[in-house]
file upload_29.pdb (PDB, C-alpha atoms)
ATOM      1  CA  MET Y   1      86.582 122.191  81.828
ATOM      2  CA  GLU Y   2      84.359 125.183  81.136
ATOM      3  CA  ASN Y   3      81.233 123.017  81.481
ATOM      4  CA  GLN Y   4      82.490 121.715  84.845
ATOM      5  CA  ALA Y   5      82.991 125.251  86.124
ATOM      6  CA  LEU Y   6      79.497 126.224  84.976
ATOM      7  CA  THR Y   7      78.000 123.116  86.605
ATOM      8  CA  TYR Y   8      79.822 123.907  89.854
ATOM      9  CA  GLU Y   9      78.478 127.479  89.745
ATOM     10  CA  TYR Y  10      74.897 126.250  89.253
ATOM     11  CA  PHE Y  11      75.198 123.769  92.124
ATOM     12  CA  TYR Y  12      76.689 126.466  94.350
ATOM     13  CA  ILE Y  13      73.762 128.812  93.603
ATOM     14  CA  ILE Y  14      71.280 125.997  94.331
ATOM     15  CA  PHE Y  15      73.118 125.254  97.591
ATOM     16  CA  VAL Y  16      73.059 128.915  98.694
ATOM     17  CA  VAL Y  17      69.352 129.376  97.859
ATOM     18  CA  SER Y  18      68.501 126.103  99.659
ATOM     19  CA  PHE Y  19      70.603 127.177 102.644
ATOM     20  CA  TYR Y  20      68.734 130.497 102.762
ATOM     21  CA  TRP Y  21      65.384 128.708 102.711
ATOM     22  CA  ILE Y  22      66.384 126.294 105.499
ATOM     23  CA  VAL Y  23      67.828 128.991 107.781
ATOM     24  CA  SER Y  24      64.953 131.415 107.152
ATOM     25  CA  ILE Y  25      62.165 128.880 107.747
ATOM     26  CA  PHE Y  26      63.959 127.388 110.763
ATOM     27  CA  THR Y  27      64.383 130.887 112.234
ATOM     28  CA  VAL Y  28      60.646 131.615 111.970
ATOM     29  CA  PHE Y  29      59.701 128.324 113.659
ATOM     30  CA  ILE Y  30      62.322 128.764 116.415
ATOM     31  CA  ASN Y  31      61.136 132.315 117.102
ATOM     32  CA  LYS Y  32      57.523 131.127 117.212
ATOM     33  CA  ALA Y  33      58.514 128.490 119.794
ATOM     34  CA  LEU Y  34      60.376 131.104 121.857
ATOM     35  CA  LEU Y  35      57.575 133.653 121.721
ATOM     36  CA  SER Y  36      54.406 131.654 122.247
ATOM     37  CA  SER Y  37      54.963 127.928 122.825
ATOM     38  CA  GLN Y  38      53.954 126.190 126.049
ATOM     39  CA  SER Y  39      57.401 124.582 126.337
ATOM     40  CA  VAL Y  40      59.023 128.013 126.823
ATOM     41  CA  ASN Y  41      55.971 129.879 128.175
ATOM     42  CA  LEU Y  42      57.695 133.236 128.709
ATOM     43  CA  ASN Y  43      55.570 136.315 128.098
ATOM     44  CA  ALA Y  44      58.502 138.627 127.364
ATOM     45  CA  PRO Y  45      58.889 139.046 123.568
ATOM     46  CA  LEU Y  46      61.070 142.168 123.812
ATOM     47  CA  PHE Y  47      63.452 140.407 126.221
ATOM     48  CA  VAL Y  48      63.759 137.518 123.735
ATOM     49  CA  THR Y  49      64.517 139.986 120.914
ATOM     50  CA  TRP Y  50      66.982 141.888 123.147
ATOM     51  CA  PHE Y  51      68.858 138.651 123.927
ATOM     52  CA  GLN Y  52      69.084 137.851 120.210
ATOM     53  CA  CYS Y  53      70.754 141.234 119.663
ATOM     54  CA  ILE Y  54      73.288 140.358 122.391
ATOM     55  CA  VAL Y  55      74.066 137.036 120.690
ATOM     56  CA  SER Y  56      74.520 138.829 117.347
ATOM     57  CA  VAL Y  57      76.976 141.334 118.880
ATOM     58  CA  ILE Y  58      78.938 138.524 120.571
ATOM     59  CA  LEU Y  59      79.172 136.632 117.263
ATOM     60  CA  CYS Y  60      80.339 139.817 115.522
ATOM     61  CA  LEU Y  61      83.051 140.275 118.173
ATOM     62  CA  ILE Y  62      84.128 136.638 117.729
ATOM     63  CA  LEU Y  63      84.348 137.137 113.948
ATOM     64  CA  LYS Y  64      86.262 140.357 114.518
ATOM     65  CA  GLY Y  65      88.758 138.562 116.765
ATOM     66  CA  CYS Y  66      89.138 135.688 114.296
ATOM     67  CA  ALA Y  67      89.692 138.189 111.466
ATOM     68  CA  ALA Y  68      92.541 139.769 113.480
ATOM     69  CA  LEU Y  69      94.125 136.352 114.052
ATOM     70  CA  PHE Y  70      93.534 134.941 110.560
ATOM     71  CA  PRO Y  71      93.316 137.933 108.189
ATOM     72  CA  ASN Y  72      94.003 135.773 105.129
ATOM     73  CA  TYR Y  73      90.985 133.551 105.768
ATOM     74  CA  ILE Y  74      88.407 135.624 107.661
ATOM     75  CA  TYR Y  75      87.317 139.189 106.981
ATOM     76  CA  PHE Y  76      85.393 141.486 109.276
ATOM     77  CA  PRO Y  77      85.387 145.281 108.819
ATOM     78  CA  LYS Y  78      87.095 147.402 111.463
ATOM     79  CA  GLY Y  79      85.079 149.886 113.496
ATOM     80  CA  GLN Y  80      83.849 150.793 116.974
ATOM     81  CA  PRO Y  81      80.126 151.515 117.489
ATOM     82  CA  PHE Y  82      80.392 153.729 120.571
ATOM     83  CA  GLN Y  83      81.899 156.811 118.998
ATOM     84  CA  LEU Y  84      79.861 160.028 119.188
ATOM     85  CA  ASN Y  85      80.208 160.964 115.514
ATOM     86  CA  ILE Y  86      79.216 157.445 114.402
ATOM     87  CA  ALA Y  87      76.318 157.214 116.869
ATOM     88  CA  LYS Y  88      74.814 160.526 115.729
ATOM     89  CA  LYS Y  89      74.702 159.360 112.125
ATOM     90  CA  ILE Y  90      73.570 155.752 112.650
ATOM     91  CA  LEU Y  91      71.333 155.962 115.748
ATOM     92  CA  PRO Y  92      68.157 156.996 113.812
ATOM     93  CA  LEU Y  93      68.590 153.925 111.591
ATOM     94  CA  SER Y  94      69.201 151.765 114.671
ATOM     95  CA  ILE Y  95      65.919 152.989 116.180
ATOM     96  CA  LEU Y  96      64.159 151.835 112.993
ATOM     97  CA  PHE Y  97      66.054 148.529 113.183
ATOM     98  CA  THR Y  98      64.910 148.044 116.786
ATOM     99  CA  GLY Y  99      61.319 148.821 115.864
ATOM    100  CA  MET Y 100      61.480 146.484 112.883
ATOM    101  CA  ILE Y 101      62.731 143.388 114.736
ATOM    102  CA  ALA Y 102      60.484 144.116 117.735
ATOM    103  CA  CYS Y 103      57.362 144.410 115.541
ATOM    104  CA  ASN Y 104      58.290 141.273 113.574
ATOM    105  CA  ASN Y 105      58.639 139.201 116.746
ATOM    106  CA  LEU Y 106      55.511 140.702 118.323
ATOM    107  CA  CYS Y 107      53.575 139.862 115.150
ATOM    108  CA  LEU Y 108      54.884 136.288 115.276
ATOM    109  CA  LYS Y 109      53.942 136.021 118.940
ATOM    110  CA  TYR Y 110      50.269 136.780 118.299
ATOM    111  CA  VAL Y 111      49.687 135.227 114.856
ATOM    112  CA  GLY Y 112      50.335 131.730 113.566
ATOM    113  CA  VAL Y 113      53.285 130.933 111.313
ATOM    114  CA  ALA Y 114      50.824 130.169 108.487
ATOM    115  CA  PHE Y 115      49.360 133.703 108.664
ATOM    116  CA  TYR Y 116      52.719 135.404 109.311
ATOM    117  CA  TYR Y 117      53.434 135.921 105.596
ATOM    118  CA  ILE Y 118      50.063 137.622 105.004
ATOM    119  CA  GLY Y 119      50.462 139.712 108.163
ATOM    120  CA  ARG Y 120      53.838 140.946 106.918
ATOM    121  CA  SER Y 121      52.940 141.229 103.224
ATOM    122  CA  LEU Y 122      52.621 145.019 102.892
ATOM    123  CA  THR Y 123      56.367 145.752 102.752
ATOM    124  CA  THR Y 124      56.280 146.152  98.960
ATOM    125  CA  VAL Y 125      53.332 148.561  99.219
ATOM    126  CA  PHE Y 126      55.120 150.702 101.806
ATOM    127  CA  ASN Y 127      58.299 150.587  99.681
ATOM    128  CA  VAL Y 128      56.406 152.158  96.777
ATOM    129  CA  ILE Y 129      54.789 154.797  99.024
ATOM    130  CA  PHE Y 130      58.005 155.812 100.791
ATOM    131  CA  THR Y 131      60.128 155.673  97.636
ATOM    132  CA  PHE Y 132      57.817 158.338  96.221
ATOM    133  CA  THR Y 133      57.288 160.459  99.372
ATOM    134  CA  ILE Y 134      60.889 160.319 100.691
ATOM    135  CA  LEU Y 135      63.056 159.802  97.591
ATOM    136  CA  GLY Y 136      60.731 161.441  95.071
ATOM    137  CA  GLU Y 137      60.948 158.470  92.675
ATOM    138  CA  ARG Y 138      57.828 157.814  90.614
ATOM    139  CA  THR Y 139      56.472 154.296  90.187
ATOM    140  CA  SER Y 140      54.941 152.835  87.023
ATOM    141  CA  SER Y 141      51.206 152.219  86.813
ATOM    142  CA  GLY Y 142      51.916 148.470  86.553
ATOM    143  CA  ALA Y 143      53.748 148.501  89.890
ATOM    144  CA  VAL Y 144      50.856 150.404  91.492
ATOM    145  CA  VAL Y 145      48.411 147.762  90.188
ATOM    146  CA  CYS Y 146      50.612 145.060  91.749
ATOM    147  CA  CYS Y 147      50.467 146.923  95.072
ATOM    148  CA  LEU Y 148      46.663 147.047  94.858
ATOM    149  CA  ILE Y 149      46.648 143.277  94.239
ATOM    150  CA  ILE Y 150      48.828 142.746  97.340
ATOM    151  CA  VAL Y 151      46.533 144.970  99.433
ATOM    152  CA  PHE Y 152      43.511 142.974  98.222
ATOM    153  CA  GLY Y 153      45.278 139.700  99.116
ATOM    154  CA  PHE Y 154      46.113 141.087 102.564
ATOM    155  CA  TRP Y 155      42.506 142.203 103.121
ATOM    156  CA  LEU Y 156      41.166 138.817 101.973
ATOM    157  CA  GLY Y 157      43.585 136.963 104.269
ATOM    158  CA  VAL Y 158      42.573 139.095 107.266
ATOM    159  CA  ASP Y 159      38.902 138.568 106.416
ATOM    160  CA  GLN Y 160      39.351 134.786 106.236
ATOM    161  CA  GLU Y 161      41.252 134.707 109.551
ATOM    162  CA  SER Y 162      38.397 136.704 111.081
ATOM    163  CA  ILE Y 163      35.755 134.302 109.735
ATOM    164  CA  ALA Y 164      37.770 131.353 111.091
ATOM    165  CA  GLY Y 165      37.882 133.059 114.507
ATOM    166  CA  SER Y 166      41.698 132.985 114.614
ATOM    167  CA  LEU Y 167      42.387 136.624 113.740
ATOM    168  CA  SER Y 168      44.626 138.502 116.160
ATOM    169  CA  ILE Y 169      44.055 142.238 115.685
ATOM    170  CA  ILE Y 170      47.140 143.180 117.689
ATOM    171  CA  GLY Y 171      49.250 140.631 115.793
ATOM    172  CA  THR Y 172      48.036 142.025 112.459
ATOM    173  CA  VAL Y 173      48.743 145.602 113.594
ATOM    174  CA  PHE Y 174      52.296 144.598 114.555
ATOM    175  CA  GLY Y 175      52.621 142.885 111.153
ATOM    176  CA  VAL Y 176      51.659 146.106 109.360
ATOM    177  CA  LEU Y 177      54.038 148.110 111.595
ATOM    178  CA  GLY Y 178      56.763 145.539 110.872
ATOM    179  CA  SER Y 179      56.236 146.015 107.131
ATOM    180  CA  LEU Y 180      56.280 149.802 107.550
ATOM    181  CA  THR Y 181      59.492 149.884 109.623
ATOM    182  CA  LEU Y 182      61.205 147.364 107.319
ATOM    183  CA  SER Y 183      60.411 149.581 104.339
ATOM    184  CA  LEU Y 184      61.733 152.704 106.085
ATOM    185  CA  TYR Y 185      64.781 150.766 107.275
ATOM    186  CA  SER Y 186      65.580 149.596 103.727
ATOM    187  CA  ILE Y 187      65.352 153.122 102.348
ATOM    188  CA  HIS Y 188      67.438 154.706 105.117
ATOM    189  CA  THR Y 189      70.022 151.896 104.939
ATOM    190  CA  LYS Y 190      70.943 153.082 101.425
ATOM    191  CA  GLN Y 191      71.555 156.570 102.846
ATOM    192  CA  VAL Y 192      73.611 155.357 105.835
ATOM    193  CA  LEU Y 193      75.785 152.684 104.157
ATOM    194  CA  PRO Y 194      78.300 155.243 102.755
ATOM    195  CA  ILE Y 195      79.067 156.264 106.371
ATOM    196  CA  VAL Y 196      80.390 152.736 107.037
ATOM    197  CA  ASN Y 197      82.070 152.414 103.611
ATOM    198  CA  GLN Y 198      79.250 150.193 102.285
ATOM    199  CA  GLU Y 199      80.100 147.534 104.906
ATOM    200  CA  ILE Y 200      76.805 145.751 105.637
ATOM    201  CA  TRP Y 201      78.369 143.577 108.362
ATOM    202  CA  LEU Y 202      79.663 146.640 110.182
ATOM    203  CA  LEU Y 203      76.261 148.327 109.986
ATOM    204  CA  SER Y 204      74.616 145.169 111.350
ATOM    205  CA  TYR Y 205      77.118 145.135 114.221
ATOM    206  CA  TYR Y 206      76.372 148.777 115.052
ATOM    207  CA  ASN Y 207      72.591 148.327 114.825
ATOM    208  CA  ASN Y 208      72.602 145.342 117.176
ATOM    209  CA  ALA Y 209      74.932 147.118 119.626
ATOM    210  CA  TYR Y 210      72.679 150.179 119.792
ATOM    211  CA  SER Y 211      69.536 148.029 119.964
ATOM    212  CA  ILE Y 212      70.797 146.369 123.151
ATOM    213  CA  ILE Y 213      70.618 149.786 124.836
ATOM    214  CA  ILE Y 214      67.381 150.923 123.153
ATOM    215  CA  PHE Y 215      65.538 147.750 124.187
ATOM    216  CA  ILE Y 216      66.223 148.161 127.938
ATOM    217  CA  PRO Y 217      63.684 150.980 128.591
ATOM    218  CA  LEU Y 218      61.182 149.271 126.241
ATOM    219  CA  ILE Y 219      61.450 146.037 128.260
ATOM    220  CA  LEU Y 220      60.873 147.959 131.504
ATOM    221  CA  ILE Y 221      57.926 149.947 130.088
ATOM    222  CA  ASN Y 222      56.332 146.743 128.764
ATOM    223  CA  GLY Y 223      56.474 145.241 132.268
ATOM    224  CA  GLU Y 224      58.658 142.332 131.183
ATOM    225  CA  PHE Y 225      61.114 142.692 134.076
ATOM    226  CA  ASN Y 226      58.552 141.238 136.498
ATOM    227  CA  GLU Y 227      57.769 138.426 134.048
ATOM    228  CA  ILE Y 228      61.468 137.519 133.859
ATOM    229  CA  MET Y 229      61.902 137.627 137.647
ATOM    230  CA  LYS Y 230      59.053 135.175 138.280
ATOM    231  CA  TYR Y 231      59.860 132.916 135.316
ATOM    232  CA  GLU Y 232      60.212 129.328 136.574
ATOM    233  CA  LYS Y 233      62.490 128.004 133.817
ATOM    234  CA  PHE Y 234      65.069 130.798 134.014
ATOM    235  CA  ASN Y 235      67.758 128.423 135.347
ATOM    236  CA  GLU Y 236      67.011 125.536 132.993
ATOM    237  CA  PRO Y 237      69.629 124.679 130.301
ATOM    238  CA  PHE Y 238      66.833 123.988 127.777
ATOM    239  CA  PHE Y 239      65.617 127.577 127.983
ATOM    240  CA  TRP Y 240      69.034 129.130 127.454
ATOM    241  CA  GLY Y 241      69.841 126.553 124.778
ATOM    242  CA  ILE Y 242      66.835 127.503 122.647
ATOM    243  CA  MET Y 243      67.476 131.206 123.351
ATOM    244  CA  ILE Y 244      71.048 130.889 122.049
ATOM    245  CA  VAL Y 245      69.856 128.912 119.012
ATOM    246  CA  GLY Y 246      67.331 131.695 118.323
ATOM    247  CA  GLY Y 247      70.096 134.299 118.580
ATOM    248  CA  ILE Y 248      72.352 132.346 116.222
ATOM    249  CA  CYS Y 249      69.453 132.021 113.760
ATOM    250  CA  GLY Y 250      68.817 135.773 113.958
ATOM    251  CA  PHE Y 251      72.481 136.422 113.186
ATOM    252  CA  SER Y 252      72.638 133.748 110.458
ATOM    253  CA  ILE Y 253      69.634 135.062 108.534
ATOM    254  CA  GLY Y 254      71.541 138.296 107.907
ATOM    255  CA  TYR Y 255      74.516 136.349 106.577
ATOM    256  CA  VAL Y 256      72.569 133.987 104.291
ATOM    257  CA  THR Y 257      70.478 136.879 102.958
ATOM    258  CA  MET Y 258      73.612 138.763 101.904
ATOM    259  CA  LEU Y 259      75.135 135.559 100.510
ATOM    260  CA  GLN Y 260      72.061 134.848  98.377
ATOM    261  CA  ILE Y 261      72.042 138.430  97.042
ATOM    262  CA  LYS Y 262      75.767 138.118  96.290
ATOM    263  CA  VAL Y 263      75.520 134.878  94.250
ATOM    264  CA  THR Y 264      72.233 135.828  92.515
ATOM    265  CA  SER Y 265      70.813 139.374  92.589
ATOM    266  CA  PRO Y 266      68.538 141.529  94.798
ATOM    267  CA  LEU Y 267      65.617 140.758  92.476
ATOM    268  CA  THR Y 268      66.243 136.983  92.567
ATOM    269  CA  HIS Y 269      66.497 137.255  96.356
ATOM    270  CA  ASN Y 270      63.016 138.831  96.474
ATOM    271  CA  ILE Y 271      61.579 136.097  94.254
ATOM    272  CA  SER Y 272      63.300 133.421  96.336
ATOM    273  CA  GLY Y 273      61.932 134.986  99.523
ATOM    274  CA  THR Y 274      58.405 135.005  98.082
ATOM    275  CA  ALA Y 275      58.621 131.340  97.060
ATOM    276  CA  LYS Y 276      60.105 130.475 100.464
ATOM    277  CA  ALA Y 277      57.144 132.149 102.175
ATOM    278  CA  CYS Y 278      54.772 129.920 100.204
ATOM    279  CA  VAL Y 279      56.605 126.760 101.315
ATOM    280  CA  GLN Y 280      56.766 128.117 104.881
ATOM    281  CA  THR Y 281      52.984 128.615 104.917
ATOM    282  CA  VAL Y 282      52.323 125.071 103.666
ATOM    283  CA  LEU Y 283      54.757 123.635 106.242
ATOM    284  CA  ALA Y 284      53.130 125.615 109.043
ATOM    285  CA  THR Y 285      49.632 124.337 108.244
ATOM    286  CA  TYR Y 286      51.012 120.777 108.198
ATOM    287  CA  CYS Y 287      53.157 121.047 111.353
ATOM    288  CA  TYR Y 288      50.460 122.747 113.417
ATOM    289  CA  ASN Y 289      47.695 120.590 111.900
ATOM    290  CA  GLU Y 290      45.718 123.613 110.709
ATOM    291  CA  SER Y 291      42.875 123.340 108.212
ATOM    292  CA  LYS Y 292      42.330 126.453 106.100
ATOM    293  CA  PRO Y 293      39.394 127.276 103.763
ATOM    294  CA  SER Y 294      39.858 127.736 100.018
ATOM    295  CA  LEU Y 295      39.571 131.544 100.126
ATOM    296  CA  TRP Y 296      42.328 131.676 102.757
ATOM    297  CA  TRP Y 297      44.663 129.911 100.327
ATOM    298  CA  VAL Y 298      43.458 132.206  97.539
ATOM    299  CA  SER Y 299      44.555 135.216  99.649
ATOM    300  CA  ASN Y 300      48.071 133.761  99.921
ATOM    301  CA  PHE Y 301      48.321 133.144  96.190
ATOM    302  CA  VAL Y 302      46.960 136.637  95.428
ATOM    303  CA  VAL Y 303      49.741 138.167  97.569
ATOM    304  CA  LEU Y 304      52.320 135.841  95.983
ATOM    305  CA  PHE Y 305      51.114 136.746  92.487
ATOM    306  CA  GLY Y 306      51.167 140.485  93.252
ATOM    307  CA  SER Y 307      54.666 140.259  94.740
ATOM    308  CA  ALA Y 308      56.009 138.165  91.839
ATOM    309  CA  ALA Y 309      54.438 140.494  89.261
ATOM    310  CA  TYR Y 310      55.957 143.517  91.013
ATOM    311  CA  ALA Y 311      59.382 141.818  90.979
ATOM    312  CA  ARG Y 312      59.005 141.126  87.242
ATOM    313  CA  ILE Y 313      58.068 144.755  86.515
ATOM    314  CA  LYS Y 314      61.112 145.946  88.494
ATOM    315  CA  GLN Y 315      63.297 143.499  86.553
ATOM    316  CA  LEU Y 316      62.087 144.810  83.207
ATOM    317  CA  LYS Y 317      62.645 148.396  84.366
ATOM    318  CA  MET Y 318      66.202 147.581  85.486
ATOM    319  CA  GLU Y 319      66.944 145.919  82.128
ATOM    320  CA  GLU Y 320      65.533 148.940  80.276
ATOM    321  CA  GLU Y 321      67.645 151.363  82.324
ATOM    322  CA  HIS Y 322      70.745 149.202  81.821
ATOM    323  CA  LYS Y 323      70.233 149.206  78.041
ATOM    324  CA  LYS Y 324      69.664 152.981  78.070
ATOM    325  CA  TYR Y 325      72.858 153.683  80.024
ATOM    326  CA  THR Y 326      74.816 151.221  77.860
ATOM    327  CA  LEU Y 327      73.576 152.996  74.703
ATOM    328  CA  LEU Y 328      74.484 156.425  76.129
ATOM    329  CA  ASP Y 329      77.932 155.120  77.062
ATOM    330  CA  VAL Y 330      78.472 153.782  73.521
ATOM    331  CA  LYS Y 331      77.337 157.099  71.979
ATOM    332  CA  SER Y 332      79.671 159.082  74.265
ATOM    333  CA  LYS Y 333      82.631 157.035  73.024
ATOM    334  CA  ILE Y 334      81.816 157.508  69.338
TER     335      ILE Y 334
END
call {"tool": "encode", "arguments": {"input": "upload_29.pdb", "output": "structure tokens"}}
result
Amino acid sequence: MENQALTYEYFYIIFVVSFYWIVSIFTVFINKALLSSQSVNLNAPLFVTWFQCIVSVILCLILKGCAALFPNYIYFPKGQPFQLNIAKKILPLSILFTGMIACNNLCLKYVGVAFYYIGRSLTTVFNVIFTFTILGERTSSGAVVCCLIIVFGFWLGVDQESIAGSLSIIGTVFGVLGSLTLSLYSIHTKQVLPIVNQEIWLLSYYNNAYSIIIFIPLILINGEFNEIMKYEKFNEPFFWGIMIVGGICGFSIGYVTMLQIKVTSPLTHNISGTAKACVQTVLATYCYNESKPSLWWVSNFVVLFGSAAYARIKQLKMEEEHKKYTLLDVKSKI
């Protein structure tokens, strides 16, 4: 009986990790189709991102309603985003959230899916920098070496894209900005979560609700209103169908990310995400029939190696700290 329970647990973990991979990869390909494919052909990336925020808020409201009707089966935290005291505390984080998802989608618009991982690979480096400058936490020399390896892999990937003639400077800049805002968002999320009683779903609901408002002036400034008005496929069911699918994917990726962290650990989630990115890159080169030189692939593996090594160093540090606190706890009880 015990072996059956353990087997079920293993299969459940495999299912969750596989589900995360499928949803995450599918989301990237759907967003790429929305942002730069000829079938959609709408030059309004911020509008697309804004609509995805609307879909996320609607899904949160549906979950909230279902939780009220079936409290024994569905849970969604209670809370209203448009309260002055809440807005004052969460709005700065929501601005970072808006910048993060906007930069990610703008990066994906201008670069290929195969290069997307390299373009967005500096998150770990910015995490180390901001953890030190904002939180005052020092990083081991091993972790710094890993960051240098990632930076080298990023530089090599950019160089190879440039040699191939497929480098998008603006796409790469948005990738770096996406990494930067994601890092800042992760750090500030830890500071804001106590305000919403550690409820990640509630924070996601608030961020998307505020982003709907924040995106409106950005869409107007970017000149996307005119693009939307003259868009020929605005009344076609196909367009709205793929837009809704993109919004559902954007909402789902948040859910499956939290689910994977819950059944494994934050560290395992990072390793899984790194491995997923490798598979995503291979799939992209196959689906888009792209031929890449050897050094281009080397750049990907350098970034993967640096990221995996950094994750391993963090794991060892966590284990060391756990043993230290366990030993102190034992000594305090003696």
call {"tool": "closest_residue", "arguments": {"input": "upload_29.pdb", "among": "Y:Glu9, Y:Glu161, Y:Glu232, Y:Glu224", "to": "Trp50 of chain Y", "atoms": "all atoms listed in the file"}}
result
Y:Glu224
call {"tool": "resolve_selection", "arguments": {"input": "upload_29.pdb", "expression": "the PyMOL selection byres ((chain Y and resi 110) around 12)", "output": "MDAnalysis selection string"}}
result
chainID Y and resid 31:33 35:37 43 45 103:109 111:116 119 166:175
call {"tool": "resolve_selection", "arguments": {"input": "upload_29.pdb", "expression": "the PyMOL selection byres ((chain Y and resi 87) around 12)", "output": "MDAnalysis selection string"}}
result
chainID Y and resid 79:86 88:95 192 195:196 203 206:207 209:211
call {"tool": "atom_distance", "arguments": {"input": "upload_29.pdb", "atom1": "atom CA of Ser204 of chain Y", "atom2": "atom CA of Thr281 of chain Y"}}
result
28.0 Å
call {"tool": "closest_residue", "arguments": {"input": "upload_29.pdb", "among": "Y:Pro194, Y:Gly136, Y:Pro217, Y:Gly250", "to": "Val55 of chain Y", "atoms": "all atoms listed in the file"}}
result
Y:Gly250
call {"tool": "atom_distance", "arguments": {"input": "upload_29.pdb", "atom1": "atom CA of Asn197 of chain Y", "atom2": "atom CA of Phe97 of chain Y"}}
result
19.1 Å
call {"tool": "closest_residue", "arguments": {"input": "upload_29.pdb", "among": "Y:Tyr12, Y:Val28, Y:Val298, Y:Leu61", "to": "Val245 of chain Y", "atoms": "only C-alpha atoms"}}
result
Y:Val28
call {"tool": "atom_distance", "arguments": {"input": "upload_29.pdb", "atom1": "atom CA of Val16 of chain Y", "atom2": "atom CA of Gln260 of chain Y"}}
result
6.0 Å
call {"tool": "residues_near_point", "arguments": {"input": "upload_29.pdb", "point": "(66.0, 124.3, 107.4)", "cutoff": "12 Å", "atoms": "all atoms listed in the file", "output": "short mmCIF file (atom, residue, chain, number, x, y, z; two decimals) with C-alpha atoms, in the frame of the given file"}}
result
data_model
loop_
_atom_site.label_atom_id
_atom_site.label_comp_id
_atom_site.auth_asym_id
_atom_site.auth_seq_id
_atom_site.Cartn_x
_atom_site.Cartn_y
_atom_site.Cartn_z
CA VAL Y 17 69.35 129.38 97.86
CA SER Y 18 68.50 126.10 99.66
CA PHE Y 19 70.60 127.18 102.64
CA TYR Y 20 68.73 130.50 102.76
CA TRP Y 21 65.38 128.71 102.71
CA ILE Y 22 66.38 126.29 105.50
CA VAL Y 23 67.83 128.99 107.78
CA SER Y 24 64.95 131.42 107.15
CA ILE Y 25 62.16 128.88 107.75
CA PHE Y 26 63.96 127.39 110.76
CA THR Y 27 64.38 130.89 112.23
CA VAL Y 28 60.65 131.62 111.97
CA PHE Y 29 59.70 128.32 113.66
CA ILE Y 30 62.32 128.76 116.42
CA CYS Y 249 69.45 132.02 113.76
CA SER Y 252 72.64 133.75 110.46
CA ILE Y 253 69.63 135.06 108.53
CA LYS Y 276 60.10 130.48 100.46
CA VAL Y 279 56.60 126.76 101.32
CA GLN Y 280 56.77 128.12 104.88
CA LEU Y 283 54.76 123.64 106.24
#
